[in-house]
file final.txt (compact mmCIF, C-alpha atoms and all ligand atoms)
# COMPACT_ATOMS: atom_id res chain seq x y z
CA MET O 17 11.70 34.77 -65.88
CA ALA O 18 9.52 35.12 -68.93
CA ASP O 19 10.75 33.72 -72.23
CA GLU O 20 11.94 36.14 -74.88
CA THR O 21 9.33 34.89 -77.28
CA PRO O 22 5.83 34.01 -76.09
CA PRO O 23 4.33 30.52 -76.64
CA LEU O 24 3.82 29.78 -80.30
CA ARG O 25 0.48 30.12 -82.04
CA ASN O 26 -1.22 27.88 -84.59
CA LEU O 27 -0.22 24.76 -82.67
CA TRP O 28 -1.86 22.23 -80.35
CA TYR O 29 -1.12 22.07 -76.63
CA MET O 30 -1.90 19.09 -74.42
CA VAL O 31 -4.09 20.39 -71.60
CA GLY O 32 -5.07 17.25 -69.71
CA LEU O 33 -6.26 13.68 -69.77
CA SER O 34 -9.68 12.75 -71.12
CA SER O 35 -10.31 10.81 -67.93
CA SER O 36 -9.92 14.00 -65.87
CA LEU O 37 -13.08 15.49 -67.38
CA LYS O 38 -16.29 13.64 -66.58
CA PRO O 39 -19.63 14.36 -68.29
CA LYS O 40 -20.92 17.72 -66.93
CA GLY O 41 -17.45 18.35 -65.53
CA LEU O 42 -15.81 21.76 -65.89
CA ARG O 43 -12.65 23.43 -64.67
CA ARG O 44 -10.24 26.25 -65.34
CA GLU O 45 -6.89 25.55 -66.94
CA MET O 46 -4.31 28.21 -67.62
CA LEU O 47 -2.76 28.04 -71.07
CA ALA O 48 -0.07 30.51 -72.10
CA GLY O 49 -1.40 33.01 -69.58
CA GLU O 50 -4.99 32.68 -70.78
CA PRO O 51 -7.76 31.31 -68.55
CA VAL O 52 -9.42 28.44 -70.39
CA LEU O 53 -12.64 26.70 -69.43
CA LEU O 54 -12.37 22.97 -70.09
CA ALA O 55 -15.77 21.34 -69.95
CA ARG O 56 -17.76 18.34 -71.05
CA THR O 57 -21.42 18.32 -72.02
CA ALA O 58 -23.88 15.93 -70.38
CA ASP O 59 -23.65 13.73 -73.48
CA GLY O 60 -19.87 13.62 -73.36
CA ARG O 61 -18.48 16.21 -75.79
CA ALA O 62 -15.46 18.11 -74.50
CA PHE O 63 -15.08 21.80 -75.36
CA ALA O 64 -12.98 24.81 -74.43
CA LEU O 65 -13.95 28.48 -74.03
CA ARG O 66 -12.29 31.54 -72.63
CA ASP O 67 -13.00 31.30 -68.92
CA ILE O 68 -14.28 34.85 -68.51
CA CYS O 69 -17.93 35.73 -68.85
CA PRO O 70 -18.35 38.60 -71.34
CA HIS O 71 -21.06 40.10 -69.09
CA ARG O 72 -19.12 40.92 -65.94
CA ALA O 73 -16.10 38.65 -65.94
CA ALA O 74 -17.16 35.83 -63.65
CA PRO O 75 -15.28 32.60 -64.45
CA LEU O 76 -17.58 30.27 -66.34
CA SER O 77 -15.75 27.38 -64.69
CA GLY O 78 -17.47 28.43 -61.45
CA GLY O 79 -20.85 27.74 -63.05
CA ARG O 80 -22.41 24.50 -64.21
CA ILE O 81 -23.16 22.47 -67.28
CA VAL O 82 -26.80 22.30 -68.30
CA GLY O 83 -27.27 19.83 -71.14
CA SER O 84 -24.80 20.99 -73.76
CA GLU O 85 -24.35 24.53 -72.44
CA VAL O 86 -22.38 26.22 -69.70
CA GLU O 87 -24.21 28.53 -67.31
CA CYS O 88 -22.36 31.47 -65.75
CA PRO O 89 -22.47 31.39 -61.93
CA TYR O 90 -23.19 35.15 -61.62
CA HIS O 91 -26.34 35.95 -63.64
CA GLY O 92 -26.94 32.65 -65.37
CA TRP O 93 -26.08 33.65 -68.96
CA ARG O 94 -25.71 30.51 -71.01
CA PHE O 95 -23.19 29.73 -73.71
CA LYS O 96 -23.07 26.95 -76.28
CA THR O 97 -19.96 24.86 -76.93
CA ASP O 98 -18.97 27.25 -79.74
CA GLY O 99 -19.10 30.21 -77.33
CA VAL O 100 -22.33 31.72 -78.70
CA CYS O 101 -24.69 33.03 -76.01
CA SER O 102 -28.00 31.20 -75.97
CA ALA O 103 -29.90 32.73 -73.05
CA ILE O 104 -29.92 35.71 -70.70
CA PRO O 105 -32.37 35.02 -67.87
CA SER O 106 -32.86 38.69 -66.94
CA VAL O 107 -34.21 39.68 -70.36
CA VAL O 108 -38.00 40.02 -70.42
CA ALA O 109 -40.08 38.89 -73.38
CA GLU O 110 -40.78 42.38 -74.78
CA GLN O 111 -37.10 43.22 -74.95
CA ASP O 112 -35.89 42.42 -78.42
CA PHE O 113 -32.38 41.35 -77.52
CA ALA O 114 -30.24 39.34 -79.92
CA VAL O 115 -28.42 37.18 -77.37
CA GLU O 116 -26.66 35.22 -80.14
CA ARG O 117 -24.62 38.31 -80.96
CA ILE O 118 -22.79 37.86 -77.67
CA ARG O 119 -19.89 35.46 -77.83
CA VAL O 120 -17.14 34.20 -75.64
CA ASN O 121 -13.92 33.14 -77.35
CA HIS O 122 -13.91 29.49 -78.32
CA TYR O 123 -10.80 27.31 -78.60
CA PRO O 124 -10.63 24.33 -80.97
CA LEU O 125 -10.36 21.18 -78.85
CA ARG O 126 -9.58 17.60 -79.84
CA GLU O 127 -9.81 14.49 -77.79
CA GLN O 128 -7.54 11.74 -78.99
CA ASP O 129 -5.72 8.75 -77.46
CA GLY O 130 -6.98 9.68 -73.99
CA LEU O 131 -5.62 13.24 -74.21
CA LEU O 132 -7.22 16.66 -74.53
CA TRP O 133 -5.55 19.10 -76.93
CA VAL O 134 -6.34 22.80 -77.25
CA TYR O 135 -5.32 24.89 -80.26
CA LEU O 136 -3.88 28.34 -79.75
CA ALA O 137 -4.73 30.24 -82.91
CA ALA O 138 -2.98 33.37 -84.10
CA ASP O 139 -6.30 34.55 -85.49
CA LYS O 140 -9.01 33.42 -83.13
CA ASP O 141 -11.60 32.80 -85.82
CA ALA O 142 -9.34 30.76 -88.09
CA GLU O 143 -9.66 26.99 -88.39
CA PRO O 144 -6.68 24.88 -87.19
CA ILE O 145 -4.05 24.32 -89.85
CA SER O 146 -3.11 20.91 -88.42
CA GLU O 147 -4.36 18.14 -86.15
CA PRO O 148 -2.82 17.03 -82.85
CA PRO O 149 -0.38 14.12 -82.99
CA LYS O 150 -1.72 10.57 -83.05
CA MET O 151 -0.22 7.92 -80.80
CA PRO O 152 0.79 4.66 -82.44
CA PHE O 153 -0.95 1.81 -80.63
CA GLY O 154 -4.34 1.16 -82.10
CA SER O 155 -6.66 -0.80 -79.85
CA THR O 156 -9.87 -2.31 -81.23
CA ASP O 157 -11.59 1.07 -81.35
CA GLY O 158 -8.58 2.64 -83.04
CA ARG O 159 -7.46 4.56 -79.97
CA SER O 160 -4.37 4.33 -77.84
CA ILE O 161 -4.84 4.23 -74.09
CA PRO O 162 -2.54 6.05 -71.66
CA ARG O 163 -1.13 3.31 -69.40
CA LEU O 164 0.90 5.37 -66.99
CA VAL O 165 0.76 9.11 -66.43
CA GLU O 166 2.75 11.47 -64.26
CA SER O 167 2.24 15.21 -64.27
CA GLN O 168 4.15 17.88 -62.37
CA ILE O 169 4.23 21.66 -62.46
CA PHE O 170 7.66 23.17 -62.94
CA PRO O 171 8.21 26.70 -61.59
CA ALA O 172 9.80 27.66 -64.89
CA SER O 173 9.00 29.30 -68.19
CA LEU O 174 8.24 27.03 -71.12
CA ASP O 175 11.70 27.46 -72.66
CA HIS O 176 13.60 26.53 -69.51
CA ALA O 177 11.36 23.52 -68.96
CA VAL O 178 11.73 22.31 -72.57
CA VAL O 179 15.46 22.89 -72.79
CA GLY O 180 15.92 21.20 -69.40
CA LEU O 181 14.15 18.10 -70.66
CA MET O 182 15.93 17.81 -74.02
CA ASP O 183 19.40 18.61 -72.71
CA PRO O 184 21.48 15.40 -73.04
CA ALA O 185 24.28 16.37 -70.66
CA HIS O 186 22.33 16.62 -67.39
CA GLY O 187 21.49 12.92 -67.08
CA PRO O 188 24.40 11.66 -64.99
CA PHE O 189 24.11 14.63 -62.62
CA VAL O 190 20.43 15.40 -62.25
CA HIS O 191 19.33 11.77 -62.59
CA ARG O 192 22.14 10.20 -60.62
CA ALA O 193 20.48 7.18 -59.06
CA TRP O 194 21.20 3.48 -58.74
CA TRP O 195 18.34 2.68 -61.08
CA TRP O 196 19.40 5.06 -63.83
CA ARG O 197 22.81 6.69 -64.13
CA SER O 198 25.99 7.11 -62.18
CA GLU O 199 28.74 9.62 -62.77
CA ALA O 200 31.10 6.72 -63.44
CA SER O 201 28.90 5.60 -66.32
CA ILE O 202 29.61 8.73 -68.38
CA HIS O 203 30.94 7.92 -71.81
CA ALA O 204 31.25 9.50 -75.23
CA LYS O 205 28.18 9.24 -77.45
CA ALA O 206 27.46 9.96 -81.09
CA LYS O 207 23.82 10.30 -82.07
CA HIS O 208 22.56 10.94 -85.55
CA HIS O 209 19.82 13.56 -85.88
CA THR O 210 17.57 14.42 -88.80
CA PRO O 211 15.01 17.18 -89.25
CA SER O 212 11.40 16.00 -88.87
CA MET O 213 8.11 17.75 -89.48
CA ARG O 214 8.28 20.59 -86.92
CA GLY O 215 11.33 19.41 -85.04
CA PHE O 216 14.11 16.87 -85.12
CA THR O 217 14.63 13.17 -84.55
CA MET O 218 17.43 11.31 -82.89
CA VAL O 219 17.27 8.36 -85.22
CA SER O 220 16.75 4.84 -84.01
CA HIS O 221 19.69 3.58 -81.97
CA LYS O 222 20.45 1.26 -79.09
CA PRO O 223 19.62 3.02 -75.82
CA SER O 224 22.47 3.71 -73.44
CA ALA O 225 23.66 0.57 -71.74
CA ASN O 226 23.82 2.72 -68.62
CA SER O 227 20.04 3.23 -68.46
CA SER O 228 19.21 0.35 -66.14
CA LEU O 229 15.45 0.73 -66.30
CA TYR O 230 15.35 0.00 -70.03
CA LYS O 231 16.58 -3.52 -69.37
CA ILE O 232 13.18 -4.68 -68.18
CA LEU O 233 12.01 -4.74 -71.81
CA GLY O 234 14.61 -7.35 -72.63
CA GLY O 235 15.63 -8.22 -76.16
CA ASP O 236 17.36 -6.09 -78.73
CA ARG O 237 16.27 -2.63 -77.77
CA THR O 238 16.16 0.38 -80.05
CA THR O 239 15.05 3.89 -79.23
CA GLU O 240 13.98 6.77 -81.39
CA ILE O 241 13.50 10.20 -79.85
CA ARG O 242 11.65 12.98 -81.58
CA PHE O 243 10.97 16.56 -80.61
CA GLU O 244 8.17 18.56 -82.20
CA LEU O 245 6.98 22.11 -81.72
CA PRO O 246 5.53 23.50 -79.62
CA SER O 247 6.90 21.31 -76.85
CA ILE O 248 6.35 17.61 -77.37
CA ARG O 249 8.87 14.84 -77.06
CA TYR O 250 8.33 11.23 -78.07
CA GLU O 251 10.54 8.37 -77.12
CA ARG O 252 9.66 5.15 -78.89
CA ILE O 253 11.35 2.05 -77.55
CA ARG O 254 11.11 -1.26 -79.38
CA ALA O 255 12.32 -4.63 -78.20
CA GLY O 256 11.15 -7.40 -80.49
CA LYS O 257 7.34 -7.25 -80.46
CA ASN O 258 7.29 -5.05 -77.35
CA GLU O 259 6.85 -1.35 -77.87
CA VAL O 260 6.65 1.54 -75.46
CA LEU O 261 5.94 5.12 -76.39
CA GLY O 262 6.80 7.79 -73.86
CA LEU O 263 5.16 11.11 -74.64
CA THR O 264 6.37 14.18 -72.77
CA ALA O 265 3.98 17.06 -73.25
CA VAL O 266 5.16 20.40 -71.92
CA THR O 267 2.38 22.94 -71.47
CA PRO O 268 2.98 26.60 -70.67
CA LEU O 269 0.52 27.67 -67.97
CA ASP O 270 1.85 31.22 -67.67
CA ASP O 271 5.23 32.97 -67.84
CA GLU O 272 6.52 31.23 -64.75
CA ASN O 273 4.76 27.88 -64.55
CA THR O 274 4.87 24.98 -66.93
CA ARG O 275 3.20 21.61 -66.65
CA VAL O 276 5.22 18.58 -67.66
CA THR O 277 3.15 15.47 -68.32
CA GLN O 278 4.71 12.14 -69.02
CA VAL O 279 2.37 9.62 -70.64
CA PHE O 280 3.32 6.05 -71.48
CA TYR O 281 1.55 3.94 -74.06
CA TRP O 282 2.54 0.33 -74.62
CA ASN O 283 1.41 -2.83 -76.33
CA MET O 284 2.42 -5.45 -73.74
CA PRO O 285 -0.51 -6.75 -71.64
CA TRP O 286 1.92 -8.01 -68.96
CA ALA O 287 3.15 -4.46 -68.35
CA ALA O 288 0.02 -3.75 -66.29
CA LEU O 289 1.60 -5.97 -63.65
CA VAL O 290 4.80 -3.95 -63.40
CA ARG O 291 3.03 -0.60 -63.56
CA PRO O 292 2.80 -0.10 -59.74
CA PHE O 293 6.52 -0.81 -59.52
CA PHE O 294 7.35 1.56 -62.35
CA ARG O 295 5.27 4.54 -61.18
CA PRO O 296 7.50 5.77 -58.29
CA PHE O 297 10.50 5.81 -60.63
CA VAL O 298 8.67 7.96 -63.16
CA ARG O 299 7.60 10.33 -60.39
CA ALA O 300 11.12 10.51 -58.98
CA PHE O 301 12.65 11.02 -62.41
CA ILE O 302 10.41 13.95 -63.34
CA GLY O 303 10.83 15.27 -59.80
CA GLN O 304 14.59 15.43 -60.41
CA ASP O 305 14.02 17.53 -63.52
CA ARG O 306 11.62 19.76 -61.56
CA LYS O 307 14.05 20.26 -58.68
CA ILE O 308 16.87 21.36 -60.94
CA VAL O 309 14.74 24.06 -62.58
CA GLU O 310 13.67 25.18 -59.11
CA MET O 311 17.34 25.62 -58.27
CA GLN O 312 18.01 27.27 -61.61
CA LYS O 313 15.22 29.76 -60.88
CA GLU O 314 17.24 31.04 -57.92
CA GLY O 315 20.13 31.83 -60.24
CA LEU O 316 17.91 33.34 -62.92
CA LYS O 317 16.78 36.00 -60.43
CA PHE O 318 20.21 37.57 -60.79
CA ALA O 319 21.29 36.78 -64.34
CA SER O 320 20.08 34.75 -67.27
CA PRO O 321 23.12 33.37 -69.04
CA GLN O 322 22.55 31.26 -72.15
CA MET O 323 25.98 29.92 -72.96
CA LEU O 324 24.94 27.15 -75.32
CA ILE O 325 27.90 24.98 -76.29
CA GLN O 326 28.66 22.41 -79.03
CA ASP O 327 27.46 19.67 -79.24
CA ALA O 328 25.55 18.99 -76.03
CA ASP O 329 23.48 22.16 -76.30
CA VAL O 330 22.74 21.84 -80.01
CA PRO O 331 19.24 20.43 -79.37
CA ALA O 332 18.54 23.58 -77.32
CA LEU O 333 19.88 25.75 -80.14
CA TRP O 334 17.67 23.90 -82.60
CA TYR O 335 14.68 24.43 -80.33
CA TYR O 336 15.22 28.20 -80.32
CA ARG O 337 15.74 28.22 -84.08
CA LEU O 338 12.61 26.16 -84.69
CA LYS O 339 10.63 28.48 -82.46
CA LYS O 340 11.88 31.55 -84.28
CA ALA O 341 11.18 30.04 -87.71
CA TRP O 342 7.65 29.01 -86.67
CA ALA O 343 6.88 32.42 -85.16
CA GLU O 344 8.06 34.11 -88.36
CA SER O 345 5.96 31.83 -90.53
CA VAL O 346 2.88 32.63 -88.42
CA THR O 347 3.47 36.37 -88.53
CA SER O 348 4.28 36.52 -92.23
CA GLY O 349 1.78 33.89 -93.35
CA THR O 350 4.52 32.09 -95.29
CA PRO O 351 5.18 28.31 -95.09
CA PHE O 352 7.37 27.07 -92.26
CA THR O 353 10.83 25.85 -93.26
CA ASN O 354 12.56 23.60 -90.78
CA PRO O 355 15.95 25.19 -89.95
CA VAL O 356 17.48 21.95 -88.59
CA GLN O 357 20.24 20.32 -90.66
CA GLU O 358 20.94 16.60 -90.55
CA ARG O 359 23.92 16.05 -88.26
CA THR O 360 25.60 13.64 -85.86
CA LEU O 361 26.04 15.15 -82.42
CA HIS O 362 28.83 14.10 -80.09
CA TRP O 363 28.84 14.48 -76.35
CA ARG O 364 29.68 12.68 -73.14
CA SER O 365 26.93 11.69 -70.75
S1 LIG I 401 -21.01 37.76 -65.13
FE1 LIG I 401 -21.67 36.05 -66.23
S2 LIG I 401 -23.78 36.29 -66.35
FE2 LIG I 401 -23.12 38.10 -65.37
FE FE I 402 16.02 15.07 -67.19
call {"tool": "encode", "arguments": {"input": "final.txt", "output": "structure tokens"}}
result
Amino acid sequence: MADETPPLRNLWYMVGLSSSLKPKGLRREMLAGEPVLLARTADGRAFALRDICPHRAAPLSGGRIVGSEVECPYHGWRFKTDGVCSAIPSVVAEQDFAVERIRVNHYPLREQDGLLWVYLAADKDAEPISEPPKMPFGSTDGRSIPRLVESQIFPASLDHAVVGLMDPAHGPFVHRAWWWRSEASIHAKAKHHTPSMRGFTMVSHKPSANSSLYKILGGDRTTEIRFELPSIRYERIRAGKNEVLGLTAVTPLDDENTRVTQVFYWNMPWAALVRPFFRPFVRAFIGQDRKIVEMQKEGLKFASPQMLIQDADVPALWYYRLKKAWAESVTSGTPFTNPVQERTLHWRS
């Protein structure tokens, strides 16, 4: 089931971990239905190009990196990191052929806090209008390091994956487990929300007493959860000096497949010790979200109801409104106005 509106333009999408791309490494990633070459030069610079050779369509990702260029596997045409062709081996010296007039589409790429971000531009030659989000824990070199990562592909469109993750009412059912929630733990909640840059924030509050896994942090815990377009969720948990940031980056691969990557950053050295214990829970938790959209997909083959109710589905409603407002601002070239109104939402979960 494709979404009614395609993935938004003029925004950054998280396409992978820095550590997954070694010098001279290259691979194909799908992003919003487009084949993207992700590659790294011999001296370590990551770049992204359309993964289709303009000569006769061979995937550049099937070729190799030579110095700071990619070489097509078919006839050896070479392209620089900005997509400009630099060499065509079959051209003889007497042929006056301006190879630099040949170009393959280039995507802006940023590498930050151990993550690779690719910008989907509405106008492919325009410069990005923003920068990807920065994570909060500066180490000595000013970068945050991903401490724990789990990535799974959901057989769902972007919208169903995003809405499934932000939906507050599914917890006690989808995530019913001794280490997280039970049906008996359901209780009424009131959470204050404010608009934030390109999304909304559930302002700092005490996390649910029924989320057992939070207890490991000890102390007086507070949580702040923020959603930002296109599809990024941050959960920042503080307990005294201890801080954990959970980033959920949802990346549309194509109309029917979406990658969900959960990345944790933290500032507690001792947490490295509990990491092996923590990992299976993270995997199981995201697996629960994946399984429910797999089940939902069966239903969506026959009908696609969207009966969004107050207040538990208000975050989903906001998501659709934000998406619409952003898409309109991109098409019309006018500034984006956040449609979310400050509000306390009430639900039971
Ligand atoms: S298809 Fe790439 S060089 Fe011919
Ligand atoms: Fe969930």
call {"tool": "residues_around", "arguments": {"input": "final.txt", "residues": "region 35-42 of chain O", "least_positions_apart": "5", "cutoff": "8 Å", "atoms": "only C-alpha atoms", "output": "JSON, numbers by chain"}}
result
{"O": [53, 54, 55, 56, 57, 58, 59, 60, 61, 62, 77, 80, 81, 82, 83, 130]}
call {"tool": "atom_distance", "arguments": {"input": "final.txt", "atom1": "CA of Thr353 (chain O)", "atom2": "CA of Val31 (chain O)"}}
result
26.9 Å
call {"tool": "residues_around", "arguments": {"input": "final.txt", "residues": "region 209-224 of chain O", "least_positions_apart": "4", "cutoff": "9 Å", "atoms": "all atoms listed in the file", "output": "VMD selection string"}}
result
chain O and resid 205 228 230 236 to 246 252 to 253 331 334 to 335 338 342 352 to 361
call {"tool": "closest_residue", "arguments": {"input": "final.txt", "among": "O:Glu272, O:Glu127, O:Glu143, O:Asp175", "to": "Gln322 (chain O)", "atoms": "all atoms listed in the file"}}
result
O:Asp175
call {"tool": "atom_distance", "arguments": {"input": "final.txt", "atom1": "atom FE of ligand FE 402 (chain I)", "atom2": "CA of Ser320 (chain O)"}}
result
20.1 Å
call {"tool": "residues_around", "arguments": {"input": "final.txt", "residues": "region 285-300 of chain O", "least_positions_apart": "4", "cutoff": "10 Å", "atoms": "only C-alpha atoms", "output": "JSON, numbers by chain"}}
result
{"O": [163, 164, 165, 166, 167, 168, 191, 193, 195, 196, 229, 232, 233, 258, 260, 278, 279, 304, 305, 306]}
